[in-house]
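Asks: This one is start.cif, mmCIF, C-alpha atoms and all ligand atoms; chains and numbers go by the auth columns.
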data_model
#
loop_
_atom_site.group_PDB
_atom_site.id
_atom_site.type_symbol
_atom_site.label_atom_id
_atom_site.label_comp_id
_atom_site.label_asym_id
_atom_site.label_seq_id
_atom_site.Cartn_x
_atom_site.Cartn_y
_atom_site.Cartn_z
_atom_site.B_iso_or_equiv
_atom_site.auth_seq_id
_atom_site.auth_asym_id
ATOM 1 C CA MET A 1 128.529 69.073 12.228 0.00 109 A
ATOM 2 C CA ASP A 2 129.081 72.710 11.226 0.00 110 A
ATOM 3 C CA ASN A 3 132.415 74.421 10.980 0.00 111 A
ATOM 4 C CA GLU A 4 131.046 77.888 10.091 0.00 112 A
ATOM 5 C CA GLU A 5 130.182 78.667 13.714 0.00 113 A
ATOM 6 C CA GLY A 6 133.357 77.331 15.236 0.00 114 A
ATOM 7 C CA LYS A 7 131.691 74.153 16.468 0.00 115 A
ATOM 8 C CA ARG A 8 133.710 71.042 17.117 0.00 116 A
ATOM 9 C CA ILE A 9 134.129 68.968 13.980 0.00 117 A
ATOM 10 C CA ASP A 10 134.432 65.182 14.225 0.00 118 A
ATOM 11 C CA VAL A 11 137.184 65.071 11.643 0.00 119 A
ATOM 12 C CA ILE A 12 140.762 63.867 11.599 0.00 120 A
ATOM 13 C CA ALA A 13 142.501 66.037 8.987 0.00 121 A
ATOM 14 C CA VAL A 14 145.498 64.388 7.307 0.00 122 A
ATOM 15 C CA ASP A 15 147.523 66.775 5.138 0.00 123 A
ATOM 16 C CA GLY A 16 150.865 66.510 3.365 0.00 124 A
ATOM 17 C CA LEU A 17 152.482 66.225 -0.049 0.00 125 A
ATOM 18 C CA ALA A 18 152.153 63.206 -2.367 0.00 126 A
ATOM 19 C CA GLY A 19 153.771 60.014 -1.119 0.00 127 A
ATOM 20 C CA THR A 20 154.017 61.038 2.534 0.00 128 A
ATOM 21 C CA GLY A 21 151.687 58.211 3.618 0.00 129 A
ATOM 22 C CA LYS A 22 148.336 60.010 3.889 0.00 130 A
ATOM 23 C CA SER A 23 146.206 57.302 2.250 0.00 131 A
ATOM 24 C CA THR A 24 147.800 54.486 4.226 0.00 132 A
ATOM 25 C CA LEU A 25 147.258 56.337 7.489 0.00 133 A
ATOM 26 C CA ALA A 26 143.729 57.494 6.639 0.00 134 A
ATOM 27 C CA SER A 27 142.491 54.043 5.666 0.00 135 A
ATOM 28 C CA ARG A 28 144.071 52.394 8.703 0.00 136 A
ATOM 29 C CA LEU A 29 142.534 55.003 11.010 0.00 137 A
ATOM 30 C CA SER A 30 139.088 54.799 9.461 0.00 138 A
ATOM 31 C CA GLU A 31 139.087 51.035 9.877 0.00 139 A
ATOM 32 C CA ARG A 32 140.398 51.114 13.417 0.00 140 A
ATOM 33 C CA LEU A 33 138.154 53.921 14.643 0.00 141 A
ATOM 34 C CA GLY A 34 135.061 53.081 12.589 0.00 142 A
ATOM 35 C CA MET A 35 135.107 56.444 10.815 0.00 143 A
ATOM 36 C CA SER A 36 134.394 57.263 7.169 0.00 144 A
ATOM 37 C CA HIS A 37 137.361 58.027 4.908 0.00 145 A
ATOM 38 C CA LEU A 38 137.472 60.770 2.286 0.00 146 A
ATOM 39 C CA ASP A 39 140.427 61.160 -0.071 0.00 147 A
ATOM 40 C CA THR A 40 139.970 64.732 -1.327 0.00 148 A
ATOM 41 C CA GLY A 41 142.727 64.170 -3.906 0.00 149 A
ATOM 42 C CA ALA A 42 140.283 61.809 -5.605 0.00 150 A
ATOM 43 C CA SER A 43 137.812 64.693 -6.028 0.00 151 A
ATOM 44 C CA PHE A 44 140.485 66.768 -7.807 0.00 152 A
ATOM 45 C CA ARG A 45 141.367 63.718 -9.906 0.00 153 A
ATOM 46 C CA MET A 46 137.736 63.023 -10.861 0.00 154 A
ATOM 47 C CA ALA A 47 137.277 66.666 -11.882 0.00 155 A
ATOM 48 C CA ALA A 48 140.514 66.449 -13.909 0.00 156 A
ATOM 49 C CA LEU A 49 139.327 63.300 -15.678 0.00 157 A
ATOM 50 C CA VAL A 50 136.040 64.974 -16.649 0.00 158 A
ATOM 51 C CA LEU A 51 137.947 67.931 -18.128 0.00 159 A
ATOM 52 C CA ILE A 52 140.365 65.711 -20.056 0.00 160 A
ATOM 53 C CA GLN A 53 137.449 63.736 -21.475 0.00 161 A
ATOM 54 C CA LYS A 54 135.708 66.950 -22.536 0.00 162 A
ATOM 55 C CA GLY A 55 138.868 68.527 -23.944 0.00 163 A
ATOM 56 C CA ILE A 56 138.733 71.536 -21.612 0.00 164 A
ATOM 57 C CA ALA A 57 142.031 73.289 -20.791 0.00 165 A
ATOM 58 C CA PRO A 58 143.021 74.121 -17.165 0.00 166 A
ATOM 59 C CA ASP A 59 142.784 77.875 -17.852 0.00 167 A
ATOM 60 C CA GLU A 60 139.171 77.798 -19.082 0.00 168 A
ATOM 61 C CA ASN A 61 137.649 78.507 -15.691 0.00 169 A
ATOM 62 C CA GLU A 62 134.024 78.987 -16.653 0.00 170 A
ATOM 63 C CA LYS A 63 133.939 75.925 -18.876 0.00 171 A
ATOM 64 C CA MET A 64 135.644 73.874 -16.154 0.00 172 A
ATOM 65 C CA ILE A 65 133.068 74.757 -13.511 0.00 173 A
ATOM 66 C CA GLU A 66 130.190 74.154 -15.895 0.00 174 A
ATOM 67 C CA ALA A 67 131.524 70.742 -16.945 0.00 175 A
ATOM 68 C CA ILE A 68 132.068 69.655 -13.340 0.00 176 A
ATOM 69 C CA SER A 69 128.618 70.805 -12.263 0.00 177 A
ATOM 70 C CA GLN A 70 127.080 68.616 -14.961 0.00 178 A
ATOM 71 C CA VAL A 71 128.424 65.358 -13.554 0.00 179 A
ATOM 72 C CA GLU A 72 127.788 63.503 -10.324 0.00 180 A
ATOM 73 C CA MET A 73 130.939 62.592 -8.432 0.00 181 A
ATOM 74 C CA ALA A 74 130.873 60.027 -5.644 0.00 182 A
ATOM 75 C CA PHE A 75 133.462 58.467 -3.353 0.00 183 A
ATOM 76 C CA GLU A 76 132.417 55.320 -1.478 0.00 184 A
ATOM 77 C CA ASN A 77 134.562 52.746 0.330 0.00 185 A
ATOM 78 C CA GLY A 78 137.715 54.025 -1.328 0.00 186 A
ATOM 79 C CA ALA A 79 136.299 53.891 -4.863 0.00 187 A
ATOM 80 C CA SER A 80 135.620 56.897 -7.116 0.00 188 A
ATOM 81 C CA TYR A 81 132.554 57.181 -9.346 0.00 189 A
ATOM 82 C CA ILE A 82 131.568 59.632 -12.063 0.00 190 A
ATOM 83 C CA ASN A 83 127.883 59.366 -12.974 0.00 191 A
ATOM 84 C CA GLY A 84 127.841 55.955 -11.312 0.00 192 A
ATOM 85 C CA LEU A 85 130.800 54.612 -13.304 0.00 193 A
ATOM 86 C CA ASP A 86 133.784 53.317 -11.315 0.00 194 A
ATOM 87 C CA VAL A 87 136.786 55.438 -12.409 0.00 195 A
ATOM 88 C CA SER A 88 139.115 54.460 -9.548 0.00 196 A
ATOM 89 C CA ARG A 89 141.804 53.165 -11.906 0.00 197 A
ATOM 90 C CA ASP A 90 141.402 55.844 -14.577 0.00 198 A
ATOM 91 C CA ILE A 91 142.071 58.675 -12.122 0.00 199 A
ATOM 92 C CA ARG A 92 145.497 57.269 -11.167 0.00 200 A
ATOM 93 C CA SER A 93 147.184 57.857 -14.549 0.00 201 A
ATOM 94 C CA GLU A 94 150.096 60.307 -14.847 0.00 202 A
ATOM 95 C CA LYS A 95 148.000 62.417 -17.228 0.00 203 A
ATOM 96 C CA VAL A 96 145.245 62.805 -14.651 0.00 204 A
ATOM 97 C CA SER A 97 147.805 63.475 -11.866 0.00 205 A
ATOM 98 C CA SER A 98 149.262 66.324 -13.892 0.00 206 A
ATOM 99 C CA MET A 99 145.860 67.788 -14.822 0.00 207 A
ATOM 100 C CA ALA A 100 144.621 67.519 -11.213 0.00 208 A
ATOM 101 C CA SER A 101 147.625 69.470 -10.017 0.00 209 A
ATOM 102 C CA LYS A 102 147.072 72.154 -12.693 0.00 210 A
ATOM 103 C CA ILE A 103 143.369 72.684 -11.954 0.00 211 A
ATOM 104 C CA ALA A 104 144.070 72.751 -8.206 0.00 212 A
ATOM 105 C CA VAL A 105 145.498 76.287 -8.589 0.00 213 A
ATOM 106 C CA SER A 106 142.081 77.631 -9.641 0.00 214 A
ATOM 107 C CA PRO A 107 140.196 79.246 -6.721 0.00 215 A
ATOM 108 C CA GLU A 108 136.878 78.517 -8.495 0.00 216 A
ATOM 109 C CA ILE A 109 137.670 74.815 -8.816 0.00 217 A
ATOM 110 C CA ARG A 110 138.774 74.715 -5.184 0.00 218 A
ATOM 111 C CA ARG A 111 135.548 76.389 -4.046 0.00 219 A
ATOM 112 C CA THR A 112 133.408 73.954 -6.036 0.00 220 A
ATOM 113 C CA LEU A 113 135.265 70.921 -4.676 0.00 221 A
ATOM 114 C CA LEU A 114 135.334 72.304 -1.128 0.00 222 A
ATOM 115 C CA GLU A 115 131.538 72.430 -1.156 0.00 223 A
ATOM 116 C CA TRP A 116 131.454 68.848 -2.411 0.00 224 A
ATOM 117 C CA GLN A 117 133.933 67.771 0.311 0.00 225 A
ATOM 118 C CA ARG A 118 131.987 69.448 3.135 0.00 226 A
ATOM 119 C CA ALA A 119 128.711 67.971 1.888 0.00 227 A
ATOM 120 C CA TRP A 120 130.381 64.544 1.790 0.00 228 A
ATOM 121 C CA VAL A 121 131.371 64.762 5.465 0.00 229 A
ATOM 122 C CA ASP A 122 127.935 66.110 6.395 0.00 230 A
ATOM 123 C CA ALA A 123 126.425 63.020 4.815 0.00 231 A
ATOM 124 C CA HIS A 124 128.963 60.510 6.179 0.00 232 A
ATOM 125 C CA GLY A 125 129.508 61.730 9.762 0.00 233 A
ATOM 126 C CA ALA A 126 132.781 61.372 11.687 0.00 234 A
ATOM 127 C CA SER A 127 135.507 61.124 9.041 0.00 235 A
ATOM 128 C CA VAL A 128 139.207 60.894 8.360 0.00 236 A
ATOM 129 C CA VAL A 129 139.810 63.402 5.562 0.00 237 A
ATOM 130 C CA GLU A 130 143.086 63.462 3.652 0.00 238 A
ATOM 131 C CA GLY A 131 144.363 66.183 1.350 0.00 239 A
ATOM 132 C CA ARG A 132 146.487 69.320 1.267 0.00 240 A
ATOM 133 C CA ASP A 133 144.316 72.040 2.810 0.00 241 A
ATOM 134 C CA ILE A 134 142.020 70.072 5.109 0.00 242 A
ATOM 135 C CA GLY A 135 143.294 71.460 8.425 0.00 243 A
ATOM 136 C CA SER A 136 143.808 74.943 6.999 0.00 244 A
ATOM 137 C CA VAL A 137 140.764 75.589 4.786 0.00 245 A
ATOM 138 C CA VAL A 138 138.252 72.747 4.425 0.00 246 A
ATOM 139 C CA PHE A 139 137.914 71.802 8.107 0.00 247 A
ATOM 140 C CA PRO A 140 139.851 74.337 10.201 0.00 248 A
ATOM 141 C CA GLU A 141 137.849 73.155 13.239 0.00 249 A
ATOM 142 C CA ALA A 142 138.894 69.510 12.890 0.00 250 A
ATOM 143 C CA LEU A 143 139.460 67.883 16.274 0.00 251 A
ATOM 144 C CA VAL A 144 142.759 66.344 15.174 0.00 252 A
ATOM 145 C CA LYS A 145 145.096 67.714 12.492 0.00 253 A
ATOM 146 C CA VAL A 146 148.089 65.805 11.242 0.00 254 A
ATOM 147 C CA TYR A 147 150.702 66.981 8.756 0.00 255 A
ATOM 148 C CA LEU A 148 152.773 64.185 7.256 0.00 256 A
ATOM 149 C CA TYR A 149 156.294 64.646 5.998 0.00 257 A
ATOM 150 C CA ALA A 150 158.691 62.206 4.290 0.00 258 A
ATOM 151 C CA ASP A 151 162.053 62.444 2.509 0.00 259 A
ATOM 152 C CA ASP A 152 161.875 62.845 -1.281 0.00 260 A
ATOM 153 C CA SER A 153 163.627 59.545 -2.014 0.00 261 A
ATOM 154 C CA VAL A 154 161.059 57.608 0.012 0.00 262 A
ATOM 155 C CA ARG A 155 158.175 59.558 -1.502 0.00 263 A
ATOM 156 C CA SER A 156 159.084 58.771 -5.097 0.00 264 A
ATOM 157 C CA LYS A 157 159.536 55.094 -4.211 0.00 265 A
ATOM 158 C CA ARG A 158 156.030 55.076 -2.748 0.00 266 A
ATOM 159 C CA ARG A 159 154.619 56.806 -5.827 0.00 267 A
ATOM 160 C CA THR A 160 155.909 54.342 -8.413 0.00 268 A
ATOM 161 C CA GLU A 161 153.433 55.567 -11.052 0.00 269 A
ATOM 162 C CA SER A 162 154.958 59.066 -10.973 0.00 270 A
ATOM 163 C CA SER A 163 158.316 60.184 -12.326 0.00 271 A
ATOM 164 C CA ALA A 164 160.571 62.021 -9.851 0.00 272 A
ATOM 165 C CA GLU A 165 160.323 65.052 -12.107 0.00 273 A
ATOM 166 C CA GLY A 166 156.504 64.883 -12.239 0.00 274 A
ATOM 167 C CA LEU A 167 156.416 64.684 -8.455 0.00 275 A
ATOM 168 C CA ARG A 168 158.739 67.693 -8.095 0.00 276 A
ATOM 169 C CA GLU A 169 156.625 69.747 -10.482 0.00 277 A
ATOM 170 C CA ARG A 170 153.454 68.925 -8.584 0.00 278 A
ATOM 171 C CA ASP A 171 155.143 69.691 -5.240 0.00 279 A
ATOM 172 C CA GLN A 172 156.018 73.145 -6.510 0.00 280 A
ATOM 173 C CA ARG A 173 152.422 73.819 -7.569 0.00 281 A
ATOM 174 C CA ASP A 174 151.009 72.345 -4.346 0.00 282 A
ATOM 175 C CA LEU A 175 153.305 74.425 -2.140 0.00 283 A
ATOM 176 C CA ASN A 176 153.324 77.702 -4.062 0.00 284 A
ATOM 177 C CA ARG A 177 149.822 78.220 -5.438 0.00 285 A
ATOM 178 C CA GLU A 178 148.015 81.275 -4.104 0.00 286 A
ATOM 179 C CA ALA A 179 144.743 79.524 -3.333 0.00 287 A
ATOM 180 C CA ALA A 180 144.976 77.158 -0.356 0.00 288 A
ATOM 181 C CA PRO A 181 148.595 76.019 -0.749 0.00 289 A
ATOM 182 C CA THR A 182 149.808 72.944 1.134 0.00 290 A
ATOM 183 C CA VAL A 183 150.740 74.309 4.539 0.00 291 A
ATOM 184 C CA GLN A 184 151.464 72.939 7.919 0.00 292 A
ATOM 185 C CA VAL A 185 149.083 74.780 10.244 0.00 293 A
ATOM 186 C CA GLN A 186 150.143 75.701 13.752 0.00 294 A
ATOM 187 C CA ASP A 187 147.721 73.400 15.534 0.00 295 A
ATOM 188 C CA SER A 188 148.702 70.324 13.515 0.00 296 A
ATOM 189 C CA VAL A 189 150.888 67.489 14.699 0.00 297 A
ATOM 190 C CA VAL A 190 153.797 66.937 12.317 0.00 298 A
ATOM 191 C CA ILE A 191 154.874 63.344 11.763 0.00 299 A
ATOM 192 C CA ASP A 192 157.904 62.327 9.715 0.00 300 A
ATOM 193 C CA THR A 193 156.961 58.991 8.126 0.00 301 A
ATOM 194 C CA THR A 194 160.330 58.417 6.415 0.00 302 A
ATOM 195 C CA LEU A 195 161.434 55.746 8.860 0.00 303 A
ATOM 196 C CA LEU A 196 158.274 55.080 10.842 0.00 304 A
ATOM 197 C CA GLU A 197 156.251 51.905 10.290 0.00 305 A
ATOM 198 C CA PRO A 198 152.630 52.598 9.241 0.00 306 A
ATOM 199 C CA GLU A 199 151.323 50.944 12.424 0.00 307 A
ATOM 200 C CA LYS A 200 153.369 53.349 14.570 0.00 308 A
ATOM 201 C CA VAL A 201 151.955 56.359 12.753 0.00 309 A
ATOM 202 C CA GLU A 202 148.454 54.912 13.100 0.00 310 A
ATOM 203 C CA GLU A 203 148.954 54.320 16.817 0.00 311 A
ATOM 204 C CA LEU A 204 150.125 57.886 17.423 0.00 312 A
ATOM 205 C CA VAL A 205 147.153 59.488 15.692 0.00 313 A
ATOM 206 C CA ALA A 206 144.614 57.020 17.089 0.00 314 A
ATOM 207 C CA GLN A 207 145.778 57.898 20.616 0.00 315 A
ATOM 208 C CA LEU A 208 145.374 61.565 19.866 0.00 316 A
ATOM 209 C CA TRP A 209 141.835 60.943 18.625 0.00 317 A
ATOM 210 C CA MET A 210 140.936 58.917 21.720 0.00 318 A
ATOM 211 C CA VAL A 211 141.963 61.843 23.908 0.00 319 A
ATOM 212 C CA ARG A 212 140.124 64.481 21.913 0.00 320 A
ATOM 213 C CA ARG A 213 137.157 62.594 20.507 0.00 321 A
ATOM 214 C CA PRO A 214 133.654 63.627 21.446 0.00 322 A
ATOM 215 C CA THR A 215 132.263 61.905 24.503 0.00 323 A
ATOM 216 C CA GLU A 216 128.656 60.792 24.838 0.00 324 A
ATOM 217 C CA ASP A 217 127.141 62.986 27.497 0.00 325 A
HETATM 218 O O1 LIG B . 146.667 63.505 -3.220 0.00 401 A
HETATM 219 P P1 LIG B . 146.612 63.376 -4.736 0.00 401 A
HETATM 220 O O2 LIG B . 147.965 63.242 -5.374 0.00 401 A
HETATM 221 O O3 LIG B . 145.680 62.313 -5.199 0.00 401 A
HETATM 222 O O4 LIG B . 146.005 64.770 -5.250 0.00 401 A
HETATM 223 C C1 LIG B . 145.863 65.078 -6.604 0.00 401 A
HETATM 224 C C2 LIG B . 146.067 66.579 -6.799 0.00 401 A
HETATM 225 O O5 LIG B . 145.011 67.292 -6.195 0.00 401 A
HETATM 226 C C3 LIG B . 147.366 67.115 -6.223 0.00 401 A
HETATM 227 O O6 LIG B . 148.198 67.603 -7.239 0.00 401 A
HETATM 228 C C4 LIG B . 146.989 68.263 -5.353 0.00 401 A
HETATM 229 C C5 LIG B . 145.508 68.404 -5.462 0.00 401 A
HETATM 230 N N1 LIG B . 144.880 68.456 -4.165 0.00 401 A
HETATM 231 C C6 LIG B . 144.679 69.686 -3.596 0.00 401 A
HETATM 232 O O7 LIG B . 145.103 70.693 -4.162 0.00 401 A
HETATM 233 N N2 LIG B . 144.021 69.774 -2.409 0.00 401 A
HETATM 234 C C7 LIG B . 143.566 68.694 -1.786 0.00 401 A
HETATM 235 N N3 LIG B . 142.902 68.819 -0.633 0.00 401 A
HETATM 236 C C8 LIG B . 143.790 67.406 -2.348 0.00 401 A
HETATM 237 C C9 LIG B . 144.452 67.329 -3.542 0.00 401 A
#
Since I need it in another form, could you write the structure as structure tokens?
Ligand code: DC
Replies:
Amino acid sequence: MDNEEGKRIDVIAVDGLAGTGKSTLASRLSERLGMSHLDTGASFRMAALVLIQKGIAPDENEKMIEAISQVEMAFENGASYINGLDVSRDIRSEKVSSMASKIAVSPEIRRTLLEWQRAWVDAHGASVVEGRDIGSVVFPEALVKVYLYADDSVRSKRRTESSAEGLRERDQRDLNREAAPTVQVQDSVVIDTTLLEPEKVEELVAQLWMVRRPTED
């Protein structure tokens, strides 16, 4: 599995803003298709938690990279671990959400996490990978690329832990940052999940995968 040489990548890339249904779709697909599931947002959140714990500000680039390189981050079966400690709940706080969004503008942070994300897929094989820049930057050769969209009112209902204002602020950073902003790439399939049932969205993408998936020959 190597995307540097334009080879086929056994990845379903699921991109979109917060609350558009990425996690629901990715976990349903991974279960149905027997693929691994990586939530790249969790890697940004784990990095953010490390920096909060160490008191490092989001503009201290060198210190940020050093601190992140000193810890071991893992993501297994939907749970996040820092140095073996389960931090799945800790990374969902509003404070971590805000810090994750701030550090995500740093090209150095993005490069460090991109390497971690690619290594994760190398180790786990065929994967459903959700995030913001998966189809555009992390796995541009993904076999299937999906971009999810949903109306703001539905998104903030889905993200009950976030204030509408917090969500708006993060949207602005996600969409407008210079390094790997959230974009809908040309070869992605756009799905509006505002009114669609999760099983319908799953069905659509699973069908797409069945058509494009690698065959054993
Ligand atoms: O999907 P999430 O809300 O858990 O992501 C947390 C933050 O990480 C979000 O503000 C955007 C950032 N992020 C990113 O920039 N690129 C990704 N591939 C995934 C997340």
Asks: List, as a PyMOL selection string, every residue that the PyMOL selection byres (((chain A and resi 282) around 10) and not hetatm) selects in the file provided.
Replies: chain A and resi 124-126+209-210+212-213+240-241+276-281+283-291
Asks: Env of Ala272 in chain A: 12 Å cut, atoms = all atoms listed in the file, seq-sep filter 2 positions within chain, self excluded. Answer as a VMD selection string.
Replies: chain A and resid 126 to 127 202 260 to 270 274 to 279
Asks: Using all atoms listed in the file, can you list as a list in words the residues within 12 Å of (135.2, 57.5, 18.7)?
Replies: Asp118, Val119, Ile120, Leu137, Ser138, Glu139, Arg140, Leu141, Gly142, Met143, Ser144, Gly233, Ala234, Ser235, Val236, Leu251, Ala314, Gln315, Leu316, Trp317, Met318, Val319, Arg320, Arg321, Pro322, Thr323 and Glu324 of chain A
Asks: Which one of A:Arg153, A:His232, A:Arg136, A:Lys308 sits closest to ligand LIG 401 (chain A) if you count only C-alpha atoms and all ligand atoms?
Replies: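 For ligand LIG 401 (chain A), the nearest of the candidates is A:Arg153.
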Asks: Taking only C-alpha atoms and all ligand atoms into account, name the residue in A:Leu133, A:Ala208, A:Ala187, A:Leu193 that is nearest to ligand LIG 401 (chain A).
Replies: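 Residue with the minimum atom-to-atom distance to ligand LIG 401 (chain A): A:Ala208.
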Asks: Mind giving me the straight-line distance from CA of Val245 in chain A to atom O4 of ligand LIG 401 (chain A) in Å, one decimal?
Replies: 15.7 Å
Asks: I'd like the interatomic distance between CA of Ser271 in chain A and atom O7 of ligand LIG 401 (chain A), to a tenth of an Å.
Replies: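 Computed distance, CA of Ser271 in chain A to atom O7 of ligand LIG 401 (chain A), equals 18.8 Å.
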Asks: Interatomic distance between CA of Ile211 in chain A and CA of Glu223 in chain A?
Replies: 16.0 Å
Asks: Using only C-alpha atoms, list the residues that have an atom at most 12 Å from (138.5, 49.9, -1.5), coordinates as in the file, as a list of chain:residue names.
Replies: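 The answer, in the requested form, is A:Ser131, A:Thr132, A:Ser135, A:Arg136, A:Glu139, A:His145, A:Leu146, A:Asp147, A:Phe183, A:Glu184, A:Asn185, A:Gly186, A:Ala187, A:Ser188, A:Asp194, A:Ser196, A:Arg197.
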Asks: May I ask which of the residues A:Met154, A:Met181, A:Gly239, A:Ile160 is the closest one to ligand LIG 401 (chain A), counting all atoms listed in the file?
Replies: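 Result for the nearest residue to ligand LIG 401 (chain A): A:Gly239.
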Asks: Of the residues A:Ala156, A:Ile242, A:Val252, A:Ile299, which is the one nearest to ligand LIG 401 (chain A), using all atoms listed in the file?
Replies: A:Ile242
Asks: Using all atoms listed in the file, find the one residue out of A:Ser214, A:Ala175, A:Val237, A:Gly149 that sits nearest to Gly163 in chain A.
Replies: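 Looking at the shortest contact to Gly163 in chain A, the residue is A:Ala175.
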Asks: So, with all atoms listed in the file as the atoms that count, which of A:Leu303, A:Val309, A:Val298, A:Ala121 lies closest to ligand LIG 401 (chain A)?
Replies: A:Ala121
Asks: Around range 218-227 of chain A, with edges along x, y and z and 3 Å added on all six sides, what centre and edge lengths do you get, in Å to one decimal, as lines of an AutoDock Vina configuration file?
Replies:
center_x = 133.7
center_y = 72.1
center_z = -1.5
size_x = 16.1
size_y = 14.6
size_z = 15.2
Asks: Could you add all heavy atoms to range 256-262 of chain A and give me the result as a PDB file, keeping the file's coordinate frame?
Replies:
ATOM      1  N   LEU A 256     151.756  65.218   7.485  1.00  0.00           N
ATOM      2  CA  LEU A 256     152.773  64.185   7.256  1.00  0.00           C
ATOM      3  C   LEU A 256     153.902  64.710   6.384  1.00  0.00           C
ATOM      4  O   LEU A 256     153.690  65.476   5.434  1.00  0.00           O
ATOM      5  CB  LEU A 256     152.149  62.947   6.597  1.00  0.00           C
ATOM      6  CG  LEU A 256     151.070  62.212   7.393  1.00  0.00           C
ATOM      7  CD1 LEU A 256     150.657  60.935   6.677  1.00  0.00           C
ATOM      8  CD2 LEU A 256     151.533  61.900   8.812  1.00  0.00           C
ATOM      9  N   TYR A 257     155.093  64.255   6.725  1.00  0.00           N
ATOM     10  CA  TYR A 257     156.294  64.646   5.998  1.00  0.00           C
ATOM     11  C   TYR A 257     157.059  63.368   5.688  1.00  0.00           C
ATOM     12  O   TYR A 257     156.997  62.396   6.442  1.00  0.00           O
ATOM     13  CB  TYR A 257     157.135  65.585   6.880  1.00  0.00           C
ATOM     14  CG  TYR A 257     158.506  65.831   6.334  1.00  0.00           C
ATOM     15  CD1 TYR A 257     158.733  66.874   5.424  1.00  0.00           C
ATOM     16  CD2 TYR A 257     159.579  64.999   6.674  1.00  0.00           C
ATOM     17  CE1 TYR A 257     159.978  67.070   4.883  1.00  0.00           C
ATOM     18  CE2 TYR A 257     160.832  65.190   6.127  1.00  0.00           C
ATOM     19  CZ  TYR A 257     161.022  66.217   5.233  1.00  0.00           C
ATOM     20  OH  TYR A 257     162.261  66.403   4.681  1.00  0.00           O
ATOM     21  N   ALA A 258     157.776  63.330   4.548  1.00  0.00           N
ATOM     22  CA  ALA A 258     158.691  62.206   4.290  1.00  0.00           C
ATOM     23  C   ALA A 258     159.777  62.685   3.329  1.00  0.00           C
ATOM     24  O   ALA A 258     159.543  63.603   2.521  1.00  0.00           O
ATOM     25  CB  ALA A 258     157.949  61.023   3.679  1.00  0.00           C
ATOM     26  N   ASP A 259     160.952  62.084   3.409  1.00  0.00           N
ATOM     27  CA  ASP A 259     162.053  62.444   2.509  1.00  0.00           C
ATOM     28  C   ASP A 259     161.664  62.157   1.060  1.00  0.00           C
ATOM     29  O   ASP A 259     160.944  61.198   0.787  1.00  0.00           O
ATOM     30  CB  ASP A 259     163.307  61.626   2.855  1.00  0.00           C
ATOM     31  CG  ASP A 259     164.021  62.202   4.063  1.00  0.00           C
ATOM     32  OD1 ASP A 259     163.588  63.283   4.539  1.00  0.00           O
ATOM     33  OD2 ASP A 259     164.986  61.575   4.538  1.00  0.00           O
ATOM     34  N   ASP A 260     162.223  62.976   0.145  1.00  0.00           N
ATOM     35  CA  ASP A 260     161.875  62.845  -1.281  1.00  0.00           C
ATOM     36  C   ASP A 260     162.147  61.456  -1.834  1.00  0.00           C
ATOM     37  O   ASP A 260     161.362  60.924  -2.619  1.00  0.00           O
ATOM     38  CB  ASP A 260     162.659  63.868  -2.113  1.00  0.00           C
ATOM     39  CG  ASP A 260     162.110  65.265  -1.892  1.00  0.00           C
ATOM     40  OD1 ASP A 260     161.099  65.395  -1.169  1.00  0.00           O
ATOM     41  OD2 ASP A 260     162.691  66.222  -2.438  1.00  0.00           O
ATOM     42  N   SER A 261     163.275  60.845  -1.434  1.00  0.00           N
ATOM     43  CA  SER A 261     163.627  59.545  -2.014  1.00  0.00           C
ATOM     44  C   SER A 261     162.557  58.500  -1.657  1.00  0.00           C
ATOM     45  O   SER A 261     162.142  57.697  -2.492  1.00  0.00           O
ATOM     46  CB  SER A 261     164.992  59.100  -1.495  1.00  0.00           C
ATOM     47  OG  SER A 261     164.961  59.078  -0.093  1.00  0.00           O
ATOM     48  N   VAL A 262     162.091  58.544  -0.442  1.00  0.00           N
ATOM     49  CA  VAL A 262     161.059  57.608   0.012  1.00  0.00           C
ATOM     50  C   VAL A 262     159.736  57.904  -0.682  1.00  0.00           C
ATOM     51  O   VAL A 262     159.010  57.004  -1.100  1.00  0.00           O
ATOM     52  CB  VAL A 262     160.897  57.730   1.550  1.00  0.00           C
ATOM     53  CG1 VAL A 262     159.693  56.970   2.049  1.00  0.00           C
ATOM     54  CG2 VAL A 262     162.149  57.254   2.241  1.00  0.00           C
TER      55      VAL A 262
END
